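Student: Questions regarding the structure given below will be posed in turn.
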Amino acid sequence: MKKRLSQSAYGGVDGNKYVPYVTDKNNKGGSSTIMIMGAILAVIFAASTAYSGMKAGLTVAAGIPGSIIGSGMVGVFAKKKGILGKNLLQGMSSGGESIASGMIYVLPAIIIIGGKVNFIAGIAVGALAVLFAIGSASLVQNYLVVEEHGKLVYPESMAISEALVASEAGGDSLKFMGIGFGIGGILTILTTQVFGWVNSMITYVGSSFYRWKMSTEVNPMLAGIGFVVGLEVALVMFAGSVLSNFAITPLIAYFTQMAGSSSHVWNDAAVSVSQMSVDQVAGSYSKYIGAGMMLCGGIVGAVKLIPVIITSVKKTLNARNSEDSEKNTLGIWALLIGTIAIFVVGFFISGNFLMAIVAGILSLLLALLFVIVSARLAGTIGCSNAPVSGMTIASLVIMTLVFVIFGWTNTQHSEILLLFGVFIVTAISVGGAYMQTQKVNYVIGGNNNEMMKYFMIAAMIGVIVVVGTTVILEPQLRITGSNPPFGMPQANLIATLTSGIMSGNLPWIMIIVGVVMALVCWMLGLSIMTVALGFYLPMSTTSIILVGALVKLLIENSTKEKELKERRVQSGVSLSSGLIAGGSIIGLIGIILHVTGVLGDVTPGGFAGSNEMGLILLVVLVVSMILPLINIKKDTKTE
């Protein structure tokens, strides 16, 4: 048994010639025990993500925690299944969590606008979204995973793969992952994600003359992702943030200061435009430019992939007549059922044949578009930071416009619209998580069809859990005021957006500007979605990702010998995997402890809460990443 992933797992070879970690032709790791353990993990991650996401708007991708916890469970209950069993458990963890990471953005919005979530309708729509997303993603799976091997880095997939291999191998891989896990875990425990003893946010705000904001969150998980992603992607993302925070937002803020006292923010009559803070300008205006950019980027990206989709369909149909055990029969059936049944479910939801047809066609087209985009984003930045809410906003803008054109503008129509929105957002989230999981499966050497089945079952479990959790919490979700029990920031934004379009109260100029800016990026040969992602995400996120990428650059440039450089970079990936694992697992535990009231919210004061403390923490993180890698010497024994 090999003791680490080969360098070819990261590229350098044709994807069709890549030799996976497990070369056994009997590459199935499933069993009833694995299925039961996976179902338990799917329930845990779906419920905790749904609860914490509605409480604070925070979600944590489950691939890394699932691989770590799953490795322990397999070691105790199904040791013979080894790494292939562990691989299925990480896939089922992602399957359950992916439902919550999408559905919670839209489903509670039905309650916010005064509607009621129907348990059966919610499950039907969610289940069809799962089938459609997996079926759609399977059409481009070979292209994105195999043909683009090495070109798409799949940072979180590689981190999960390293975690799985480290659990089997021990040695240097496990050592560096353990170091990273310790660094990530300790720093996360110290910050507001858990105990809140020290400040992890470095923030500087400009003067009233030139109103800008620069912030960095000292987050080990994001720094680890930055190391894996590399400088090119991280720098383009950061450029989008610079454009937003140092150009567009200050420009809008400059003109808002000229507004009279009678002018109010479009979505909050209590706030005067002239008195808006930088954050309010960004949230009420700049963010919609980012949504417009992502809308345009999604369309451009999907159009480029049309030939790929056609080729994939032809290959899939040809495979039906072959003896290949990896043929995509299940994916095709899932896509067909999801496509046909959404019209039937749509009719029962709306009771209007025309509405069911129009909304069904729109939902399918938008879901297909953004499932493909989400699947590709999994290969560039991973699922944890994918702009699912941004793609959902873009989709619902189009859906709501069409509803307005047809005159469907009352509250009942809004509920129906949002249920179709649940289909879209769930499909988007599942599409990215599924592709990320199948990349792990490809690297490790698992069976495609087996992973698809296990992932699909876990996602169906997630649908039941998330819809059930929402229905149970519905009375609390209706409570409003200055300190509501559930903040639901994304769902509130979605509710405001759809209501605003139907009432004609929306900053359309911002969305149009975003589309134009995206077209300019396309003309310049830049990645629209990467720039838009940086524009849309807070600079605190993109800046720490850039820090991680710069650490990798430093390691590469400070090592002249090729063999030593490769070992240091590969060990850096293992260390980064540990950072992601430590940060995500401890962060998830912290969120659960906070939202359940076990831990109270603590804001560090004095020096512990200062920017200086944040800078010290940043230096500690960077030095902790660099030192173990620089200490790898040429004569270190290789595995």
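Please note that chains go A, B, ... in the order of the structure tokens, that every chain numbers its residues from 1, and that ligands are numbered from 1 in the order shown.
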Pick out the residues sitting within 7 Å of A:Met391, and hand them over as a VMD selection string; count only C-alpha atoms, and ignore anything fewer than 5 positions along from it in its own chain.
Tutor: chain A and resid 294 to 295 370
Student: I'd like the contact shell of A:Ala459 - 8 Å cut-off, only C-alpha atoms, skipping same-chain residues fewer than 3 positions apart - returned as a PyMOL selection string.
Tutor: chain A and resi 42+92+95-99+130+430+455-456+462-463
Student: Might you pull out every residue within 7 Å of A:Ser429, with only C-alpha atoms counted and same-chain residues fewer than 2 positions away left off, and present them as a PyMOL selection string?
Tutor: chain A and resi 98-99+101-102+388+425-427+431-433
Student: Could you turn the residues from that selection into a file that holds N, CA and C atoms, as a short mmCIF file (atom, residue, chain, number, x, y, z; two decimals), in the first residue's frame?
Tutor:
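Contents of again-v3.cif, as written:
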data_model
loop_
_atom_site.label_atom_id
_atom_site.label_comp_id
_atom_site.auth_asym_id
_atom_site.auth_seq_id
_atom_site.Cartn_x
_atom_site.Cartn_y
_atom_site.Cartn_z
N SER A 98 -24.86 19.32 2.05
CA SER A 98 -25.08 20.16 0.87
C SER A 98 -26.53 20.61 0.75
N ILE A 99 -27.46 19.81 1.25
CA ILE A 99 -28.88 20.19 1.22
C ILE A 99 -29.10 21.42 2.08
N SER A 101 -26.86 23.60 3.14
CA SER A 101 -26.09 24.75 2.67
C SER A 101 -26.73 25.44 1.48
N GLY A 102 -27.76 24.83 0.89
CA GLY A 102 -28.49 25.49 -0.17
C GLY A 102 -29.89 25.87 0.25
N VAL A 388 -23.13 30.31 -3.53
CA VAL A 388 -24.43 29.70 -3.79
C VAL A 388 -25.54 30.74 -3.69
N VAL A 425 -31.84 26.44 -5.75
CA VAL A 425 -30.72 26.59 -4.81
C VAL A 425 -30.23 25.24 -4.31
N THR A 426 -31.14 24.29 -4.11
CA THR A 426 -30.73 22.97 -3.67
C THR A 426 -29.92 22.28 -4.75
N ALA A 427 -30.36 22.41 -5.99
CA ALA A 427 -29.63 21.81 -7.11
C ALA A 427 -28.22 22.42 -7.23
N GLY A 431 -24.96 20.18 -6.73
CA GLY A 431 -24.10 20.01 -7.89
C GLY A 431 -22.63 20.22 -7.57
N GLY A 432 -22.33 21.28 -6.81
CA GLY A 432 -20.94 21.52 -6.43
C GLY A 432 -20.40 20.46 -5.49
N ALA A 433 -21.19 20.11 -4.47
CA ALA A 433 -20.75 19.10 -3.49
C ALA A 433 -20.56 17.74 -4.16
#
Student: Any idea what the distance is between atom CA of A:Leu152 and atom CA of A:Gly379?
Tutor: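 One can read the atom CA of A:Leu152 to atom CA of A:Gly379 distance as 4.9 Å.
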Student: From the list A:Ser157, A:Asn385, A:Gln141, A:Thr530, which residue is nearest A:Gln436 when using only C-alpha atoms?
Tutor: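 Of the candidates, the smallest distance to A:Gln436 is held by A:Ser157.
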Student: With only C-alpha atoms as the atoms that count, which of A:Pro108, A:Gly331, A:Gly360, A:Gly185 lies nearest to A:Phe343?
Tutor: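 Under the stated criterion, the closest residue is A:Gly360.
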Student: Which stretch 461-558 of chain A residues have any atom within 12 Å of an atom of stretch 615-627 of chain A, and for each, what is the nearest pair of atoms with distance in Å to one decimal, counting only C-alpha atoms, rows sorted by chain and number, as CSV?
Tutor:
residue,atom,partner,partner_atom,distance
A:Ser543,CA,A:Leu618,CA,11.5
A:Ile544,CA,A:Leu618,CA,9.1
A:Ile545,CA,A:Val622,CA,11.8
A:Leu546,CA,A:Val622,CA,11.7
A:Val547,CA,A:Val622,CA,8.0
A:Gly548,CA,A:Val622,CA,7.9
A:Ala549,CA,A:Val622,CA,10.9
A:Leu550,CA,A:Val622,CA,9.7
A:Val551,CA,A:Ile626,CA,6.9
A:Lys552,CA,A:Ile626,CA,8.7
A:Leu553,CA,A:Ile626,CA,10.9
A:Leu554,CA,A:Ile626,CA,8.5
A:Ile555,CA,A:Ile626,CA,7.4
A:Glu556,CA,A:Ile626,CA,11.2
A:Ser558,CA,A:Ile626,CA,10.9
Student: Which is closest to A:Ile310 among A:Met510, A:Ile64, A:Thr23, A:Leu139, if we use only C-alpha atoms?
Tutor: A:Leu139
Student: Using only C-alpha atoms, which protein or nucleic acid residues come within 10 Å of A:Ile113? Drop anything in the same chain fewer than 4 positions from it, and give the result as a list in words.
Tutor: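 Within the cut-off, the hits are Pro108, Ala109, Thr411, Gln412, Ser414, Glu415, Arg478, Asn492, Ala495, Thr496, Thr498 and Ser499 of chain A.
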